[in-house]
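S.K.: Sharing a structure here in structure tokens format.
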There are 2 protein chains.
Amino acid sequence: MNGSLIPVAEAREKLILVFGRRSIRAYAPGEIPEATLQLLLEAAMAAPSAAGKDPWHFVIVRQPDRLRQLAAALPHGQMLAQASVGIIVCGDLSVAHDRQISYLLQDCSAAIENLLIAAHAAGLGACWLGIHPRPDRMTAVHKLLALPADVVPVCGISLGIPAEQREPRTRYNPACVHRETW
Amino acid sequence: MNGSLIPVAEAREKLILVFGRRSIRAYAPGEIPEATLQLLLEAAMAAPSAAGKDPWHFVIVRQPDRLRQLAAALPHGQMLAQASVGIIVCGDLSVAHDRQISYLLQDCSAAIENLLIAAHAAGLGACWLGIHPRPDRMTAVHKLLALPADVVPVCGISLGIPAEQREPRTRYNPACVHRETW
């Protein structure tokens, strides 16, 4: 049976989760239950991956000392010290399609976006903190988390009870849309 | 005002769009209205990007001849010839944060995942077709779409009225989850 188009207004309403996902950098204290984390990871691993290789890994950090060490290792990651949970998203180059860093980054980034949307759905605030391709950040995180040689840290995600509210939005720019050719 | 946690069952229900987004490769004939495409692009450009650089570009292809040429250029992209619309997602290296291909790929991949979720929300079937880092595919797409030198084609997305149904799922794998350290 073929599917059918859904009216735009209805589809837009369903996408409130996507438009409402914003970078939240201020957190109130509060536990994040394991069941909530599990949902976030299930959403992350629902992303597509090149040749179905699923090269992603997720290191969940709850210990305040380790969160502070990660915050110190990431120049824009100070909020990790206030976060309830940090997740370091990594890719295993030995598993990525054709061992290509490009596929590893694409697969992990799709999973990260799903995870951020899921965090918003669960009422959490989250922020994507860049690690790859900065050598200093990669080396520090590699050491702090005892990552194997083939494992590439891609980003950190800080998670907490949001202490700021941000409105849904898009940064849609018509200059980025082309027809038929550039 | 601080936010608050949403019960897991409720959050899971809201995430049906994320779990229901599957790679759909069979399409029935049918037009995709401009307003629907616009919604997909708004969702894509709601993704986060490194240092807010938004290096992404989207080339919308509707002409059957050009769709067939793209299908011929992409080894696993034959379904583009049956698609109502193809979108080639590109990144502008001269705009990407610090001119790093890593950030370009991460930013575009987050936007692609949003676009795929939006396609599912709109009742469309869609599939992510790899282009980067394959030199032959990149060269062919560059030429077909007359891309500027600094613009990197990342992937193609085929879009159409779905002629197959796939169940929501996750590929959650507990071996990909680590605690505190690897």
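We label chains A, B, ... in the order they appear in the structure tokens, count residues from 1 in each chain, and number ligands from 1 in the order shown.
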Give the strand (DSSP E or B) residues of chain A, as DSSP finds them on the backbone, and put them as a PyMOL selection string.

M.R.: chain A and resi 23+27-28+56-61+85-92+125-130+151-162+177-179

S.K.: Those same residues, written as an mmCIF file, in the first residue's frame with N, CA and C atoms?

M.R.:
```cif
data_model
loop_
_atom_site.group_PDB
_atom_site.id
_atom_site.type_symbol
_atom_site.label_atom_id
_atom_site.label_comp_id
_atom_site.auth_asym_id
_atom_site.auth_seq_id
_atom_site.Cartn_x
_atom_site.Cartn_y
_atom_site.Cartn_z
ATOM 1 N N SER A 23 20.176 24.704 21.765
ATOM 2 C CA SER A 23 21.333 24.477 22.631
ATOM 3 C C SER A 23 21.063 25.112 23.982
ATOM 4 N N TYR A 27 21.884 24.659 33.569
ATOM 5 C CA TYR A 27 21.156 23.523 34.131
ATOM 6 C C TYR A 27 20.881 23.727 35.613
ATOM 7 N N ALA A 28 19.730 23.223 36.067
ATOM 8 C CA ALA A 28 19.427 23.144 37.489
ATOM 9 C C ALA A 28 19.843 21.758 37.976
ATOM 10 N N TRP A 56 29.054 3.868 16.020
ATOM 11 C CA TRP A 56 28.969 4.774 17.168
ATOM 12 C C TRP A 56 29.134 4.096 18.512
ATOM 13 N N HIS A 57 29.664 4.837 19.470
ATOM 14 C CA HIS A 57 29.752 4.423 20.878
ATOM 15 C C HIS A 57 29.428 5.624 21.749
ATOM 16 N N PHE A 58 28.911 5.340 22.942
ATOM 17 C CA PHE A 58 28.454 6.399 23.836
ATOM 18 C C PHE A 58 29.019 6.140 25.230
ATOM 19 N N VAL A 59 29.823 7.079 25.713
ATOM 20 C CA VAL A 59 30.362 6.945 27.069
ATOM 21 C C VAL A 59 29.567 7.891 27.977
ATOM 22 N N ILE A 60 28.850 7.273 28.924
ATOM 23 C CA ILE A 60 27.978 8.022 29.850
ATOM 24 C C ILE A 60 28.780 8.392 31.080
ATOM 25 N N VAL A 61 28.860 9.660 31.386
ATOM 26 C CA VAL A 61 29.626 10.107 32.545
ATOM 27 C C VAL A 61 28.686 10.784 33.537
ATOM 28 N N VAL A 85 24.564 14.802 33.549
ATOM 29 C CA VAL A 85 25.183 13.711 32.789
ATOM 30 C C VAL A 85 25.937 14.307 31.607
ATOM 31 N N GLY A 86 27.069 13.724 31.279
ATOM 32 C CA GLY A 86 27.755 14.030 30.031
ATOM 33 C C GLY A 86 27.809 12.771 29.189
ATOM 34 N N ILE A 87 27.620 12.918 27.903
ATOM 35 C CA ILE A 87 27.771 11.757 27.005
ATOM 36 C C ILE A 87 28.836 12.115 25.988
ATOM 37 N N ILE A 88 29.879 11.297 25.934
ATOM 38 C CA ILE A 88 30.890 11.498 24.900
ATOM 39 C C ILE A 88 30.565 10.531 23.768
ATOM 40 N N VAL A 89 30.294 11.096 22.589
ATOM 41 C CA VAL A 89 29.946 10.265 21.433
ATOM 42 C C VAL A 89 31.224 10.006 20.640
ATOM 43 N N CYS A 90 31.505 8.730 20.408
ATOM 44 C CA CYS A 90 32.737 8.329 19.725
ATOM 45 C C CYS A 90 32.371 7.465 18.525
ATOM 46 N N GLY A 91 33.307 7.337 17.601
ATOM 47 C CA GLY A 91 33.147 6.409 16.496
ATOM 48 C C GLY A 91 34.339 5.473 16.438
ATOM 49 N N ASP A 92 34.090 4.230 16.079
ATOM 50 C CA ASP A 92 35.163 3.240 15.964
ATOM 51 C C ASP A 92 35.573 3.154 14.492
ATOM 52 N N GLY A 125 17.603 19.711 28.910
ATOM 53 C CA GLY A 125 18.389 20.653 28.130
ATOM 54 C C GLY A 125 19.701 19.980 27.743
ATOM 55 N N ALA A 126 20.183 20.271 26.531
ATOM 56 C CA ALA A 126 21.391 19.606 26.042
ATOM 57 C C ALA A 126 22.177 20.545 25.152
ATOM 58 N N CYS A 127 23.475 20.289 25.048
ATOM 59 C CA CYS A 127 24.304 21.085 24.147
ATOM 60 C C CYS A 127 25.385 20.197 23.525
ATOM 61 N N TRP A 128 25.618 20.399 22.229
ATOM 62 C CA TRP A 128 26.632 19.673 21.434
ATOM 63 C C TRP A 128 27.958 20.415 21.599
ATOM 64 N N LEU A 129 28.965 19.724 22.106
ATOM 65 C CA LEU A 129 30.278 20.332 22.375
ATOM 66 C C LEU A 129 31.324 19.694 21.471
ATOM 67 N N GLY A 130 31.898 20.466 20.590
ATOM 68 C CA GLY A 130 32.823 19.929 19.599
ATOM 69 C C GLY A 130 34.094 19.333 20.188
ATOM 70 N N VAL A 151 39.384 4.382 18.329
ATOM 71 C CA VAL A 151 38.137 5.075 18.683
ATOM 72 C C VAL A 151 38.359 6.587 18.699
ATOM 73 N N VAL A 152 37.516 7.292 17.939
ATOM 74 C CA VAL A 152 37.637 8.730 17.723
ATOM 75 C C VAL A 152 36.530 9.446 18.501
ATOM 76 N N PRO A 153 36.883 10.290 19.472
ATOM 77 C CA PRO A 153 35.826 11.077 20.123
ATOM 78 C C PRO A 153 35.336 12.176 19.182
ATOM 79 N N VAL A 154 34.032 12.232 18.951
ATOM 80 C CA VAL A 154 33.466 13.196 17.993
ATOM 81 C C VAL A 154 32.953 14.442 18.718
ATOM 82 N N CYS A 155 32.170 14.242 19.770
ATOM 83 C CA CYS A 155 31.647 15.407 20.510
ATOM 84 C C CYS A 155 31.268 14.996 21.910
ATOM 85 N N GLY A 156 31.069 15.982 22.758
ATOM 86 C CA GLY A 156 30.476 15.776 24.064
ATOM 87 C C GLY A 156 29.066 16.336 24.039
ATOM 88 N N ILE A 157 28.190 15.757 24.845
ATOM 89 C CA ILE A 157 26.835 16.298 25.004
ATOM 90 C C ILE A 157 26.608 16.510 26.495
ATOM 91 N N SER A 158 26.299 17.729 26.893
ATOM 92 C CA SER A 158 25.949 18.012 28.283
ATOM 93 C C SER A 158 24.441 17.896 28.419
ATOM 94 N N LEU A 159 24.002 17.297 29.518
ATOM 95 C CA LEU A 159 22.565 17.052 29.745
ATOM 96 C C LEU A 159 22.184 17.468 31.153
ATOM 97 N N GLY A 160 21.067 18.173 31.283
ATOM 98 C CA GLY A 160 20.604 18.530 32.617
ATOM 99 C C GLY A 160 19.186 19.059 32.568
ATOM 100 N N ILE A 161 18.652 19.313 33.751
ATOM 101 C CA ILE A 161 17.341 19.967 33.857
ATOM 102 C C ILE A 161 17.535 21.409 33.368
ATOM 103 N N PRO A 162 16.787 21.836 32.348
ATOM 104 C CA PRO A 162 17.055 23.162 31.782
ATOM 105 C C PRO A 162 16.772 24.295 32.776
ATOM 106 N N VAL A 177 19.335 27.609 -0.714
ATOM 107 C CA VAL A 177 18.488 26.717 -1.518
ATOM 108 C C VAL A 177 18.697 27.009 -2.990
ATOM 109 N N HIS A 178 18.971 25.972 -3.776
ATOM 110 C CA HIS A 178 19.274 26.108 -5.196
ATOM 111 C C HIS A 178 18.332 25.199 -5.986
ATOM 112 N N ARG A 179 18.097 25.568 -7.224
ATOM 113 C CA ARG A 179 17.140 24.805 -8.058
ATOM 114 C C ARG A 179 17.848 24.175 -9.247
#
```

S.K.: For chain B, list the residues within 6 Å of chain A, counting only C-alpha atoms, and write the list as a PDB file with N, CA and C atoms, in the first residue's frame.

M.R.:
```
ATOM      1  N   ASN B   2      12.806  26.829  35.699  1.00  0.00           N
ATOM      2  CA  ASN B   2      13.435  25.586  35.269  1.00  0.00           C
ATOM      3  C   ASN B   2      12.425  24.676  34.568  1.00  0.00           C
ATOM      4  N   GLY B   3      12.919  23.892  33.637  1.00  0.00           N
ATOM      5  CA  GLY B   3      12.077  22.894  33.010  1.00  0.00           C
ATOM      6  C   GLY B   3      11.944  21.689  33.914  1.00  0.00           C
ATOM      7  N   SER B   4      11.188  20.695  33.467  1.00  0.00           N
ATOM      8  CA  SER B   4      11.076  19.491  34.287  1.00  0.00           C
ATOM      9  C   SER B   4      11.024  18.260  33.407  1.00  0.00           C
ATOM     10  N   LEU B   5      11.457  17.151  33.996  1.00  0.00           N
ATOM     11  CA  LEU B   5      11.515  15.882  33.278  1.00  0.00           C
ATOM     12  C   LEU B   5      10.128  15.441  32.818  1.00  0.00           C
ATOM     13  N   ILE B   6      10.085  14.857  31.637  1.00  0.00           N
ATOM     14  CA  ILE B   6       8.842  14.319  31.091  1.00  0.00           C
ATOM     15  C   ILE B   6       8.887  12.801  31.253  1.00  0.00           C
ATOM     16  N   VAL B   8       9.016   8.918  30.807  1.00  0.00           N
ATOM     17  CA  VAL B   8       9.652   8.231  29.683  1.00  0.00           C
ATOM     18  C   VAL B   8       8.631   7.756  28.651  1.00  0.00           C
ATOM     19  N   ALA B  11       7.573  10.679  26.579  1.00  0.00           N
ATOM     20  CA  ALA B  11       8.664  11.122  25.691  1.00  0.00           C
ATOM     21  C   ALA B  11       8.834  10.135  24.530  1.00  0.00           C
ATOM     22  N   PHE B  19      11.866   7.214  15.624  1.00  0.00           N
ATOM     23  CA  PHE B  19      11.942   5.755  15.463  1.00  0.00           C
ATOM     24  C   PHE B  19      11.294   5.292  14.152  1.00  0.00           C
ATOM     25  N   THR B  36       5.672  21.690   1.047  1.00  0.00           N
ATOM     26  CA  THR B  36       6.215  20.539   1.782  1.00  0.00           C
ATOM     27  C   THR B  36       7.744  20.576   1.752  1.00  0.00           C
ATOM     28  N   GLU B  42      13.240  23.956   6.184  1.00  0.00           N
ATOM     29  CA  GLU B  42      13.210  24.666   7.473  1.00  0.00           C
ATOM     30  C   GLU B  42      13.672  23.747   8.601  1.00  0.00           C
ATOM     31  N   MET B  45      17.485  23.254   8.406  1.00  0.00           N
ATOM     32  CA  MET B  45      18.243  24.415   8.875  1.00  0.00           C
ATOM     33  C   MET B  45      17.892  24.805  10.308  1.00  0.00           C
ATOM     34  N   ALA B  46      17.200  23.930  11.023  1.00  0.00           N
ATOM     35  CA  ALA B  46      17.015  24.082  12.467  1.00  0.00           C
ATOM     36  C   ALA B  46      18.075  23.286  13.227  1.00  0.00           C
ATOM     37  N   HIS B  57      24.149  23.761   2.079  1.00  0.00           N
ATOM     38  CA  HIS B  57      23.400  24.188   0.893  1.00  0.00           C
ATOM     39  C   HIS B  57      22.602  22.992   0.403  1.00  0.00           C
ATOM     40  N   PHE B  58      21.484  23.294  -0.259  1.00  0.00           N
ATOM     41  CA  PHE B  58      20.571  22.242  -0.702  1.00  0.00           C
ATOM     42  C   PHE B  58      20.215  22.498  -2.160  1.00  0.00           C
ATOM     43  N   VAL B  59      20.541  21.562  -3.028  1.00  0.00           N
ATOM     44  CA  VAL B  59      20.185  21.695  -4.439  1.00  0.00           C
ATOM     45  C   VAL B  59      18.983  20.780  -4.695  1.00  0.00           C
ATOM     46  N   ILE B  60      17.851  21.406  -5.037  1.00  0.00           N
ATOM     47  CA  ILE B  60      16.591  20.681  -5.254  1.00  0.00           C
ATOM     48  C   ILE B  60      16.512  20.302  -6.724  1.00  0.00           C
ATOM     49  N   VAL B  61      16.376  19.032  -6.999  1.00  0.00           N
ATOM     50  CA  VAL B  61      16.303  18.572  -8.387  1.00  0.00           C
ATOM     51  C   VAL B  61      14.933  17.927  -8.624  1.00  0.00           C
ATOM     52  N   GLN B 106      29.873  17.224   9.979  1.00  0.00           N
ATOM     53  CA  GLN B 106      29.022  17.134  11.165  1.00  0.00           C
ATOM     54  C   GLN B 106      27.782  18.014  11.004  1.00  0.00           C
ATOM     55  N   SER B 109      25.416  16.667   8.332  1.00  0.00           N
ATOM     56  CA  SER B 109      24.778  15.401   8.718  1.00  0.00           C
ATOM     57  C   SER B 109      23.653  15.632   9.723  1.00  0.00           C
ATOM     58  N   ALA B 110      23.830  16.582  10.630  1.00  0.00           N
ATOM     59  CA  ALA B 110      22.749  16.907  11.570  1.00  0.00           C
ATOM     60  C   ALA B 110      21.556  17.479  10.787  1.00  0.00           C
ATOM     61  N   GLU B 113      19.762  14.622   8.918  1.00  0.00           N
ATOM     62  CA  GLU B 113      18.908  13.804   9.785  1.00  0.00           C
ATOM     63  C   GLU B 113      17.589  14.536  10.074  1.00  0.00           C
ATOM     64  N   ALA B 121       7.665  12.939   8.680  1.00  0.00           N
ATOM     65  CA  ALA B 121       6.525  13.656   9.268  1.00  0.00           C
ATOM     66  C   ALA B 121       5.522  14.085   8.196  1.00  0.00           C
ATOM     67  N   ALA B 122       6.048  14.375   6.993  1.00  0.00           N
ATOM     68  CA  ALA B 122       5.188  14.856   5.899  1.00  0.00           C
ATOM     69  C   ALA B 122       4.591  13.711   5.088  1.00  0.00           C
ATOM     70  N   GLY B 123       4.853  12.472   5.512  1.00  0.00           N
ATOM     71  CA  GLY B 123       4.291  11.322   4.816  1.00  0.00           C
ATOM     72  C   GLY B 123       5.103  10.878   3.616  1.00  0.00           C
ATOM     73  N   LEU B 145      25.895  19.423 -11.264  1.00  0.00           N
ATOM     74  CA  LEU B 145      25.180  20.522 -10.602  1.00  0.00           C
ATOM     75  C   LEU B 145      25.938  21.843 -10.694  1.00  0.00           C
ATOM     76  N   ALA B 146      27.075  21.853 -11.414  1.00  0.00           N
ATOM     77  CA  ALA B 146      27.866  23.081 -11.580  1.00  0.00           C
ATOM     78  C   ALA B 146      28.206  23.702 -10.227  1.00  0.00           C
ATOM     79  N   LEU B 147      28.715  22.873  -9.307  1.00  0.00           N
ATOM     80  CA  LEU B 147      29.052  23.366  -7.968  1.00  0.00           C
ATOM     81  C   LEU B 147      30.335  24.204  -8.008  1.00  0.00           C
ATOM     82  N   PRO B 162       5.838   7.107  -0.556  1.00  0.00           N
ATOM     83  CA  PRO B 162       6.360   5.766  -0.247  1.00  0.00           C
ATOM     84  C   PRO B 162       5.528   4.646  -0.872  1.00  0.00           C
ATOM     85  N   ALA B 163       6.209   3.703  -1.528  1.00  0.00           N
ATOM     86  CA  ALA B 163       5.542   2.517  -2.069  1.00  0.00           C
ATOM     87  C   ALA B 163       5.948   1.282  -1.274  1.00  0.00           C
ATOM     88  N   THR B 170      14.637   0.678  16.572  1.00  0.00           N
ATOM     89  CA  THR B 170      15.963   1.176  16.901  1.00  0.00           C
ATOM     90  C   THR B 170      16.932   0.023  16.687  1.00  0.00           C
ATOM     91  N   ARG B 171      18.196   0.345  16.441  1.00  0.00           N
ATOM     92  CA  ARG B 171      19.237  -0.686  16.408  1.00  0.00           C
ATOM     93  C   ARG B 171      20.070  -0.604  17.689  1.00  0.00           C
ATOM     94  N   TYR B 172      19.429  -0.184  18.773  1.00  0.00           N
ATOM     95  CA  TYR B 172      20.092  -0.061  20.082  1.00  0.00           C
ATOM     96  C   TYR B 172      20.926  -1.303  20.387  1.00  0.00           C
ATOM     97  N   CYS B 176      27.451  -0.840  22.703  1.00  0.00           N
ATOM     98  CA  CYS B 176      27.900   0.506  22.300  1.00  0.00           C
ATOM     99  C   CYS B 176      27.770   1.519  23.427  1.00  0.00           C
ATOM    100  N   VAL B 177      27.361   1.063  24.614  1.00  0.00           N
ATOM    101  CA  VAL B 177      27.168   1.975  25.752  1.00  0.00           C
ATOM    102  C   VAL B 177      28.210   1.658  26.822  1.00  0.00           C
ATOM    103  N   HIS B 178      28.903   2.694  27.286  1.00  0.00           N
ATOM    104  CA  HIS B 178      29.986   2.536  28.254  1.00  0.00           C
ATOM    105  C   HIS B 178      29.717   3.458  29.431  1.00  0.00           C
ATOM    106  N   ARG B 179      30.245   3.090  30.598  1.00  0.00           N
ATOM    107  CA  ARG B 179      29.984   3.859  31.816  1.00  0.00           C
ATOM    108  C   ARG B 179      31.276   4.462  32.356  1.00  0.00           C
ATOM    109  N   GLU B 180      31.294   5.762  32.472  1.00  0.00           N
ATOM    110  CA  GLU B 180      32.396   6.541  33.046  1.00  0.00           C
ATOM    111  C   GLU B 180      33.669   6.508  32.180  1.00  0.00           C
ATOM    112  N   THR B 181      34.117   5.318  31.797  1.00  0.00           N
ATOM    113  CA  THR B 181      35.228   5.213  30.847  1.00  0.00           C
ATOM    114  C   THR B 181      34.887   4.082  29.887  1.00  0.00           C
ATOM    115  N   TRP B 182      35.737   3.892  28.862  1.00  0.00           N
ATOM    116  CA  TRP B 182      35.518   2.799  27.919  1.00  0.00           C
ATOM    117  C   TRP B 182      35.581   1.489  28.677  1.00  0.00           C
TER     118      TRP B 182
END
```

S.K.: Please list as a PyMOL selection string every residue within 8 Å of Leu70 of chain A, counting only C-alpha atoms and excluding residues in the same chain fewer than 5 positions away.

M.R.: chain A and resi 77+80-81+141+144

S.K.: Can you measure atom CA of Asp136 of chain B to atom CA of Pro64 of chain B for me? One decimal in Å is fine.

M.R.: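 It comes out at 22.0 Å.
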
S.K.: Just how far from atom CA of Ala140 of chain B is atom CA of Lys53 of chain A, in Å to one decimal?

M.R.: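 Calculated distance between atom CA of Lys53 of chain A and atom CA of Ala140 of chain B is 25.5 Å.
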
S.K.: Using Å and a single decimal, report how far atom CA of Leu93 of chain B sits from atom CA of Asp150 of chain B.

M.R.: 5.4 Å

S.K.: Where does DSSP see helix (DSSP H, G or I) in chain B, if you list the residues as a ChimeraX atom specification?

M.R.: /B:8-14,16-20,34-44,50-52,64-73,78-81,97-99,101-121,135-144,174-176

S.K.: Take the selection from the previous step and output its residues with C-alpha atoms, as a PDB file, in the first residue's frame.

M.R.:
```
ATOM      1  CA  VAL B   8       9.652   8.231  29.683  1.00  0.00           C
ATOM      2  CA  ALA B   9       6.514   6.676  28.162  1.00  0.00           C
ATOM      3  CA  GLU B  10       5.274  10.109  27.109  1.00  0.00           C
ATOM      4  CA  ALA B  11       8.664  11.122  25.691  1.00  0.00           C
ATOM      5  CA  ARG B  12       8.871   7.817  23.798  1.00  0.00           C
ATOM      6  CA  GLU B  13       5.509   8.477  22.196  1.00  0.00           C
ATOM      7  CA  LYS B  14       6.660  11.911  21.034  1.00  0.00           C
ATOM      8  CA  ILE B  16       7.659   8.083  17.091  1.00  0.00           C
ATOM      9  CA  LEU B  17       8.913  10.344  14.265  1.00  0.00           C
ATOM     10  CA  VAL B  18      12.529   9.496  15.101  1.00  0.00           C
ATOM     11  CA  PHE B  19      11.942   5.755  15.463  1.00  0.00           C
ATOM     12  CA  GLY B  20       9.634   5.707  12.429  1.00  0.00           C
ATOM     13  CA  GLU B  34       6.709  23.364  -2.778  1.00  0.00           C
ATOM     14  CA  ALA B  35       5.244  24.052   0.682  1.00  0.00           C
ATOM     15  CA  THR B  36       6.215  20.539   1.782  1.00  0.00           C
ATOM     16  CA  LEU B  37       9.763  20.955   0.471  1.00  0.00           C
ATOM     17  CA  GLN B  38       9.958  24.295   2.263  1.00  0.00           C
ATOM     18  CA  LEU B  39       9.036  22.611   5.569  1.00  0.00           C
ATOM     19  CA  LEU B  40      11.744  19.989   5.030  1.00  0.00           C
ATOM     20  CA  LEU B  41      14.347  22.697   4.419  1.00  0.00           C
ATOM     21  CA  GLU B  42      13.210  24.666   7.473  1.00  0.00           C
ATOM     22  CA  ALA B  43      13.665  21.535   9.579  1.00  0.00           C
ATOM     23  CA  ALA B  44      17.112  20.888   8.046  1.00  0.00           C
ATOM     24  CA  ALA B  50      29.686  24.490  14.701  1.00  0.00           C
ATOM     25  CA  ALA B  51      30.151  28.152  15.723  1.00  0.00           C
ATOM     26  CA  GLY B  52      26.768  28.845  14.044  1.00  0.00           C
ATOM     27  CA  PRO B  64      13.487  13.725 -14.600  1.00  0.00           C
ATOM     28  CA  ASP B  65      16.527  13.899 -16.890  1.00  0.00           C
ATOM     29  CA  ARG B  66      18.743  15.324 -14.173  1.00  0.00           C
ATOM     30  CA  LEU B  67      17.389  12.818 -11.621  1.00  0.00           C
ATOM     31  CA  ARG B  68      18.344  10.020 -14.020  1.00  0.00           C
ATOM     32  CA  GLN B  69      21.834  11.473 -14.452  1.00  0.00           C
ATOM     33  CA  LEU B  70      22.281  11.658 -10.672  1.00  0.00           C
ATOM     34  CA  ALA B  71      21.011   8.080 -10.317  1.00  0.00           C
ATOM     35  CA  ALA B  72      23.626   6.965 -12.844  1.00  0.00           C
ATOM     36  CA  ALA B  73      26.370   8.797 -10.918  1.00  0.00           C
ATOM     37  CA  GLN B  78      19.125   4.029  -8.713  1.00  0.00           C
ATOM     38  CA  MET B  79      15.909   4.953  -6.871  1.00  0.00           C
ATOM     39  CA  LEU B  80      16.616   8.618  -7.658  1.00  0.00           C
ATOM     40  CA  ALA B  81      15.341   7.897 -11.161  1.00  0.00           C
ATOM     41  CA  HIS B  97      34.017  26.689  11.033  1.00  0.00           C
ATOM     42  CA  ASP B  98      37.782  27.076  10.661  1.00  0.00           C
ATOM     43  CA  ARG B  99      37.416  25.683   7.106  1.00  0.00           C
ATOM     44  CA  ILE B 101      35.866  19.366   6.535  1.00  0.00           C
ATOM     45  CA  SER B 102      35.066  17.627   9.856  1.00  0.00           C
ATOM     46  CA  TYR B 103      32.735  20.456  10.953  1.00  0.00           C
ATOM     47  CA  LEU B 104      31.247  20.664   7.465  1.00  0.00           C
ATOM     48  CA  LEU B 105      30.368  16.952   7.607  1.00  0.00           C
ATOM     49  CA  GLN B 106      29.022  17.134  11.165  1.00  0.00           C
ATOM     50  CA  ASP B 107      26.857  20.203  10.432  1.00  0.00           C
ATOM     51  CA  CYS B 108      25.479  18.819   7.168  1.00  0.00           C
ATOM     52  CA  SER B 109      24.778  15.401   8.718  1.00  0.00           C
ATOM     53  CA  ALA B 110      22.749  16.907  11.570  1.00  0.00           C
ATOM     54  CA  ALA B 111      20.759  18.906   8.975  1.00  0.00           C
ATOM     55  CA  ILE B 112      20.282  15.775   6.822  1.00  0.00           C
ATOM     56  CA  GLU B 113      18.908  13.804   9.785  1.00  0.00           C
ATOM     57  CA  ASN B 114      16.432  16.620  10.534  1.00  0.00           C
ATOM     58  CA  LEU B 115      15.401  16.687   6.876  1.00  0.00           C
ATOM     59  CA  LEU B 116      14.812  12.917   6.851  1.00  0.00           C
ATOM     60  CA  ILE B 117      12.694  13.146  10.020  1.00  0.00           C
ATOM     61  CA  ALA B 118      10.697  15.984   8.445  1.00  0.00           C
ATOM     62  CA  ALA B 119      10.162  13.941   5.276  1.00  0.00           C
ATOM     63  CA  HIS B 120       8.723  11.143   7.410  1.00  0.00           C
ATOM     64  CA  ALA B 121       6.525  13.656   9.268  1.00  0.00           C
ATOM     65  CA  PRO B 135      36.051  10.892  -5.422  1.00  0.00           C
ATOM     66  CA  ASP B 136      34.188   9.488  -8.453  1.00  0.00           C
ATOM     67  CA  ARG B 137      30.764  10.370  -7.049  1.00  0.00           C
ATOM     68  CA  MET B 138      31.917  13.815  -5.881  1.00  0.00           C
ATOM     69  CA  THR B 139      33.404  14.665  -9.274  1.00  0.00           C
ATOM     70  CA  ALA B 140      30.304  13.531 -11.166  1.00  0.00           C
ATOM     71  CA  VAL B 141      27.900  15.469  -8.905  1.00  0.00           C
ATOM     72  CA  HIS B 142      30.137  18.538  -8.958  1.00  0.00           C
ATOM     73  CA  LYS B 143      29.918  18.610 -12.726  1.00  0.00           C
ATOM     74  CA  LEU B 144      26.199  17.760 -13.025  1.00  0.00           C
ATOM     75  CA  PRO B 174      24.160  -2.340  24.695  1.00  0.00           C
ATOM     76  CA  ALA B 175      27.747  -3.095  23.575  1.00  0.00           C
ATOM     77  CA  CYS B 176      27.900   0.506  22.300  1.00  0.00           C
TER      78      CYS B 176
END
```
